[in-house]
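Participant: Got a file for you: protein26.txt, compact mmCIF, C-alpha atoms.
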```
# COMPACT_ATOMS: atom_id res chain seq x y z
CA MET U 60 -10.96 20.30 0.95
CA GLU U 61 -12.60 21.32 -2.30
CA LYS U 62 -12.39 18.73 -5.06
CA LYS U 63 -10.52 21.04 -7.45
CA GLU U 64 -8.08 22.00 -4.72
CA LEU U 65 -7.44 18.37 -3.92
CA LEU U 66 -6.76 17.49 -7.56
CA ASN U 67 -4.38 20.45 -7.85
CA ARG U 68 -2.56 19.39 -4.71
CA ILE U 69 -1.68 15.97 -6.12
CA TYR U 70 -1.10 17.07 -9.74
CA HIS U 71 2.09 15.53 -11.15
CA LYS U 72 3.04 14.41 -7.65
CA LEU U 73 3.86 11.13 -5.93
CA ILE U 74 1.32 9.26 -3.82
CA VAL U 75 2.72 6.47 -1.65
CA SER U 76 0.73 3.29 -1.11
CA CYS U 77 1.15 2.02 2.46
CA GLN U 78 -0.33 -1.47 2.64
CA ALA U 79 0.52 -4.84 4.16
CA ARG U 80 -1.49 -8.05 4.42
CA VAL U 81 -1.69 -10.38 7.38
CA GLY U 82 1.49 -12.43 7.42
CA TRP U 83 3.69 -9.83 5.72
CA PRO U 84 6.63 -8.52 7.81
CA MET U 85 5.33 -4.95 7.84
CA TYR U 86 1.73 -5.81 8.78
CA GLY U 87 0.16 -3.57 11.41
CA ALA U 88 -1.57 -0.20 11.65
CA ASP U 89 1.26 1.42 13.61
CA ILE U 90 3.78 0.32 11.00
CA MET U 91 1.61 1.62 8.17
CA ALA U 92 1.29 4.97 9.97
CA ALA U 93 5.09 5.10 10.34
CA PHE U 94 5.54 4.40 6.63
CA ALA U 95 3.02 7.14 5.82
CA LYS U 96 4.81 9.62 8.07
CA ALA U 97 8.13 8.76 6.45
CA ALA U 98 6.54 9.27 3.02
CA GLU U 99 5.21 12.65 4.11
CA GLU U 100 8.65 13.70 5.34
CA GLY U 101 10.09 12.56 2.01
CA GLY U 102 7.74 14.88 0.12
CA ALA U 103 4.88 12.62 -0.93
CA ALA U 104 1.71 14.48 -1.90
CA GLY U 105 -0.71 11.79 -0.74
CA ILE U 106 -1.14 8.37 0.83
CA ARG U 107 -3.07 5.30 -0.31
CA ALA U 108 -4.14 2.89 2.42
CA THR U 109 -6.51 0.01 3.02
CA GLY U 110 -8.80 -0.74 5.95
CA ALA U 111 -10.34 1.44 8.63
CA ASP U 112 -7.72 0.55 11.27
CA ASN U 113 -4.80 1.58 9.08
CA ILE U 114 -6.53 4.70 7.78
CA GLN U 115 -7.39 5.92 11.27
CA LYS U 116 -3.81 5.46 12.49
CA ILE U 117 -2.41 7.20 9.42
CA LYS U 118 -4.76 10.15 9.85
CA GLU U 119 -3.47 10.57 13.41
CA ARG U 120 0.09 11.07 12.17
CA VAL U 121 -0.12 12.45 8.65
CA ASN U 122 -1.72 15.52 7.13
CA LEU U 123 -1.93 14.53 3.49
CA PRO U 124 -4.77 13.72 1.06
CA LEU U 125 -5.77 10.12 1.60
CA ILE U 126 -6.93 7.59 -0.97
CA GLY U 127 -8.84 4.90 0.87
CA ILE U 128 -9.57 1.36 -0.24
CA ASN U 129 -10.93 -1.62 1.65
CA LYS U 130 -9.43 -4.89 0.45
CA GLN U 131 -11.69 -7.82 1.21
CA PHE U 132 -10.58 -11.18 -0.16
CA SER U 133 -13.18 -13.86 -0.83
CA GLU U 134 -14.17 -16.38 -3.48
CA TYR U 135 -15.05 -13.44 -5.74
CA PRO U 136 -12.42 -11.88 -8.02
CA VAL U 137 -13.22 -8.32 -6.93
CA TYR U 138 -11.41 -7.43 -3.71
CA ILE U 139 -10.74 -3.67 -3.84
CA THR U 140 -13.69 -2.07 -2.04
CA PRO U 141 -16.03 -4.68 -3.53
CA THR U 142 -19.32 -3.59 -1.88
CA TYR U 143 -21.04 -0.48 -0.64
CA GLU U 144 -20.66 -1.60 2.98
CA SER U 145 -16.91 -2.02 2.47
CA ALA U 146 -16.85 1.51 1.07
CA LYS U 147 -18.90 2.96 3.92
CA GLU U 148 -16.53 1.48 6.48
CA ILE U 149 -13.63 3.61 5.26
CA LEU U 150 -15.69 6.60 4.11
CA ASP U 151 -16.72 7.05 7.72
CA CYS U 152 -13.03 7.47 8.59
CA GLY U 153 -12.90 10.72 6.64
CA ILE U 154 -10.91 9.86 3.50
CA ASP U 155 -10.54 12.28 0.57
CA ILE U 156 -10.73 9.81 -2.32
CA ILE U 157 -12.30 6.38 -2.35
CA ALA U 158 -11.08 3.83 -4.87
CA ILE U 159 -13.22 0.93 -6.01
CA ASP U 160 -12.79 -1.89 -8.48
CA ALA U 161 -14.79 -0.68 -11.48
CA THR U 162 -14.57 -3.81 -13.58
CA ARG U 163 -17.57 -5.95 -14.54
CA ARG U 164 -16.28 -8.95 -12.62
CA GLU U 165 -18.55 -10.60 -10.09
CA ARG U 166 -18.51 -9.19 -6.58
CA PRO U 167 -20.11 -10.18 -3.25
CA ASN U 168 -23.90 -9.84 -2.98
CA HIS U 169 -23.94 -9.48 -6.78
CA GLU U 170 -23.71 -5.72 -6.31
CA GLN U 171 -23.20 -3.56 -9.38
CA VAL U 172 -20.54 -0.88 -9.57
CA GLU U 173 -23.13 1.69 -10.71
CA THR U 174 -25.18 1.13 -7.56
CA ILE U 175 -22.13 1.49 -5.32
CA VAL U 176 -21.11 4.74 -7.01
CA GLN U 177 -24.67 6.09 -6.78
CA LYS U 178 -24.87 5.39 -3.05
CA ILE U 179 -21.48 6.95 -2.37
CA ARG U 180 -22.45 10.11 -4.25
CA GLU U 181 -25.73 10.28 -2.35
CA HIS U 182 -24.30 9.84 1.14
CA TYR U 183 -20.74 11.20 0.76
CA PRO U 184 -20.99 13.95 -1.88
CA ASP U 185 -17.69 15.62 -0.94
CA VAL U 186 -15.54 12.53 -1.51
CA LEU U 187 -13.92 11.93 -4.90
CA ILE U 188 -14.57 8.49 -6.41
CA MET U 189 -11.84 6.68 -8.32
CA GLY U 190 -12.61 3.79 -10.66
CA GLU U 191 -9.90 1.16 -10.93
CA ILE U 192 -9.52 -0.74 -14.17
CA SER U 193 -7.07 -3.12 -15.85
CA ASN U 194 -7.43 -2.42 -19.58
CA PHE U 195 -8.66 0.06 -22.15
CA GLU U 196 -12.03 -1.63 -22.70
CA GLU U 197 -12.82 -1.35 -18.99
CA ALA U 198 -11.79 2.30 -19.00
CA LYS U 199 -14.14 3.07 -21.89
CA ALA U 200 -16.97 1.19 -20.21
CA ILE U 201 -16.89 3.29 -17.03
CA LEU U 202 -16.87 6.72 -18.69
CA PRO U 203 -20.69 7.06 -18.49
CA MET U 204 -20.45 6.73 -14.68
CA LYS U 205 -18.37 9.93 -14.59
CA PHE U 206 -15.81 8.86 -12.02
CA ASP U 207 -13.76 11.73 -10.61
CA LEU U 208 -10.58 9.79 -11.37
CA ILE U 209 -9.56 6.65 -13.25
CA SER U 210 -6.76 4.44 -11.97
CA THR U 211 -4.71 1.81 -13.79
CA THR U 212 -4.15 -0.09 -10.52
CA LEU U 213 -5.51 -3.42 -11.78
CA SER U 214 -3.42 -3.58 -14.96
CA GLY U 215 -1.46 -6.81 -14.72
CA TYR U 216 -3.57 -8.15 -11.86
CA THR U 217 -6.65 -9.48 -13.66
CA GLU U 218 -7.16 -12.39 -16.03
CA GLU U 219 -7.85 -9.85 -18.77
CA SER U 220 -4.49 -8.11 -18.26
CA LYS U 221 -2.26 -10.93 -17.02
CA ASP U 222 0.32 -10.35 -19.77
CA VAL U 223 1.18 -6.89 -18.41
CA LYS U 224 4.49 -7.15 -16.54
CA SER U 225 5.50 -3.50 -16.14
CA VAL U 226 3.92 -0.07 -15.74
CA ASN U 227 1.31 0.20 -18.49
CA ILE U 228 2.34 3.36 -20.32
CA LYS U 229 0.28 2.40 -23.37
CA LEU U 230 -2.90 2.19 -21.29
CA ILE U 231 -2.29 5.61 -19.75
CA LYS U 232 -1.88 7.12 -23.21
CA GLN U 233 -5.01 5.39 -24.52
CA ILE U 234 -7.18 6.63 -21.67
CA SER U 235 -5.85 10.17 -21.90
CA GLN U 236 -6.90 10.30 -25.54
CA ILE U 237 -10.59 9.63 -24.81
CA THR U 238 -11.27 11.55 -21.60
CA ASP U 239 -10.22 14.54 -19.52
CA THR U 240 -10.84 12.57 -16.33
CA PRO U 241 -7.63 12.64 -14.27
CA ILE U 242 -5.68 9.39 -14.57
CA ILE U 243 -3.86 7.95 -11.59
CA ALA U 244 -1.00 5.71 -12.71
CA GLU U 245 -0.45 2.79 -10.37
CA GLY U 246 0.93 -0.68 -10.67
CA LYS U 247 4.43 -2.04 -11.30
CA ILE U 248 6.21 1.34 -11.16
CA MET U 249 9.76 0.29 -10.27
CA ASN U 250 11.69 3.55 -10.15
CA GLU U 251 11.76 7.32 -10.61
CA ALA U 252 12.21 7.11 -14.38
CA GLU U 253 9.10 4.94 -14.80
CA ALA U 254 7.10 7.34 -12.63
CA GLN U 255 8.12 10.20 -14.91
CA LEU U 256 7.22 8.17 -17.99
CA ALA U 257 3.73 7.69 -16.57
CA LEU U 258 3.32 11.44 -16.04
CA ASP U 259 4.64 12.17 -19.52
CA ALA U 260 2.10 9.70 -20.93
CA GLY U 261 -0.77 11.69 -19.45
CA ALA U 262 -1.13 10.62 -15.82
CA HIS U 263 -2.33 13.19 -13.32
CA SER U 264 -0.41 11.55 -10.46
CA VAL U 265 1.55 8.37 -9.78
CA VAL U 266 1.11 5.88 -6.97
CA VAL U 267 4.06 3.79 -5.86
CA GLY U 268 3.78 1.07 -3.25
CA THR U 269 6.01 -2.00 -3.49
CA SER U 270 9.16 -0.09 -4.50
CA ILE U 271 8.87 2.10 -1.40
CA THR U 272 7.01 0.16 1.30
CA ARG U 273 7.94 -3.50 0.69
CA PRO U 274 11.50 -3.75 2.10
CA GLU U 275 11.55 -7.54 1.72
CA ILE U 276 10.98 -7.19 -2.04
CA ILE U 277 13.40 -4.29 -2.42
CA THR U 278 16.03 -6.34 -0.57
CA ALA U 279 15.40 -9.33 -2.83
CA ARG U 280 15.98 -7.17 -5.91
CA PHE U 281 19.43 -6.23 -4.66
CA VAL U 282 20.24 -9.78 -3.62
CA ASN U 283 19.16 -11.29 -6.93
CA TYR U 284 20.97 -8.63 -8.96
CA LEU U 285 24.20 -9.27 -7.10
CA LYS U 286 23.82 -13.01 -7.60
CA GLU U 287 23.26 -12.59 -11.34
CA HIS U 288 26.22 -10.26 -11.75
CA SER U 289 28.63 -11.91 -9.39
CA HIS U 290 32.15 -12.51 -10.63
CA ASP U 291 32.83 -15.20 -8.06
CA GLU U 292 34.17 -18.40 -9.49
```
In structure tokens, write the structure found in this file.
Facilitator:
Amino acid sequence: MEKKELLNRIYHKLIVSCQARVGWPMYGADIMAAFAKAAEEGGAAGIRATGADNIQKIKERVNLPLIGINKQFSEYPVYITPTYESAKEILDCGIDIIAIDATRRERPNHEQVETIVQKIREHYPDVLIMGEISNFEEAKAILPMKFDLISTTLSGYTEESKDVKSVNIKLIKQISQITDTPIIAEGKIMNEAEAQLALDAGAHSVVVGTSITRPEIITARFVNYLKEHSHDE
């Protein structure tokens, strides 16, 4: 798929993040593929997934643009596609967009984000590269690398952005004022209204994960709300 065509296909649309860690109730490639298929049937324009096993299973069942990441947790703060080898592992699965942590935080092997981007462009020229940041300063810093997309995924999940507790509309607006690079809004989007707010603020697309594919958390929201508003004596 041509890059422009891909961007048009997801413009102002919903991308569903289908992810689960070891130990979570929904963990497993078959379950992630089922979630992705359900998202496709619901009208999602794309899927975000982590790890080669999940991505391969999803590709077997779903015909949607795929954002691939490769979460690798270690003693380093960077865990979203932290190295070139972690990127290559999922690029070889045939993803459409690869997302990488584009912050300046330390990553395994002391690799630099510029080097990772350069290698991806050299060996996988048809894949779009998305830089994931947590604040405005990080967004400004990556502009010279000319990412195909910028994502707000890390907002609220880094030490630099720990005070962010909801979808960061302000950050989306700030980024949109300094670049024409498509912005993918992700992180802490709770409902349809917040997704629309992100698009209105300048996002190209929105990614929603927890509020769609984490039934244990969705259930807890209902349970806690009912507890708080109970009229029982």
Participant: Quick check, in Å to one decimal: how far apart do CA of Leu202 (chain U) and CA of Gly110 (chain U) lie?
Facilitator: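 It comes out at 27.0 Å.
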Participant: Using all atoms listed in the file, which protein or nucleic acid residues come within 9 Å of Thr109 (chain U)? Drop anything in the same chain fewer than 5 positions from it, and give the result as a VMD selection string.
Facilitator: chain U and resid 76 to 79 114 126 to 130 139 149
Participant: Might you pull out every residue within 8 Å of region 89-103 of chain U, with all atoms listed in the file counted and same-chain residues fewer than 6 positions away left off, and present them as an MDAnalysis selection string?
Facilitator: chainID U and resid 72:75 77:79 113 116:118 120:121 123 272
Participant: Residues within 12 Å of Gly153 (chain U), please, as a PDB file with C-alpha atoms, in the coordinates of the input. Count only C-alpha atoms; anything in the same chain fewer than 5 positions from it doesn't count.
Facilitator:
```
ATOM      1  CA  MET U  60     -10.960  20.300   0.950  1.00  0.00           C
ATOM      2  CA  ALA U 111     -10.340   1.440   8.630  1.00  0.00           C
ATOM      3  CA  ILE U 114      -6.530   4.700   7.780  1.00  0.00           C
ATOM      4  CA  GLN U 115      -7.390   5.920  11.270  1.00  0.00           C
ATOM      5  CA  ILE U 117      -2.410   7.200   9.420  1.00  0.00           C
ATOM      6  CA  LYS U 118      -4.760  10.150   9.850  1.00  0.00           C
ATOM      7  CA  GLU U 119      -3.470  10.570  13.410  1.00  0.00           C
ATOM      8  CA  PRO U 124      -4.770  13.720   1.060  1.00  0.00           C
ATOM      9  CA  LEU U 125      -5.770  10.120   1.600  1.00  0.00           C
ATOM     10  CA  ILE U 126      -6.930   7.590  -0.970  1.00  0.00           C
ATOM     11  CA  GLY U 127      -8.840   4.900   0.870  1.00  0.00           C
ATOM     12  CA  ALA U 146     -16.850   1.510   1.070  1.00  0.00           C
ATOM     13  CA  LYS U 147     -18.900   2.960   3.920  1.00  0.00           C
ATOM     14  CA  GLU U 148     -16.530   1.480   6.480  1.00  0.00           C
ATOM     15  CA  TYR U 183     -20.740  11.200   0.760  1.00  0.00           C
ATOM     16  CA  ASP U 185     -17.690  15.620  -0.940  1.00  0.00           C
ATOM     17  CA  VAL U 186     -15.540  12.530  -1.510  1.00  0.00           C
ATOM     18  CA  LEU U 187     -13.920  11.930  -4.900  1.00  0.00           C
TER      19      LEU U 187
END
```
Participant: Can you tell me, as a PyMOL selection string, which residues sit within 12 Å of (-3.1, -6.2, -18.5) in the file's frame, using only C-alpha atoms?
Facilitator: chain U and resi 192-197+211-231+246-247
Participant: Taking into account all atoms listed in the file, which residue in the set U:His71, U:Lys63, U:Arg80, U:Lys178 is nearest to Ala260 (chain U)?
Facilitator: U:His71
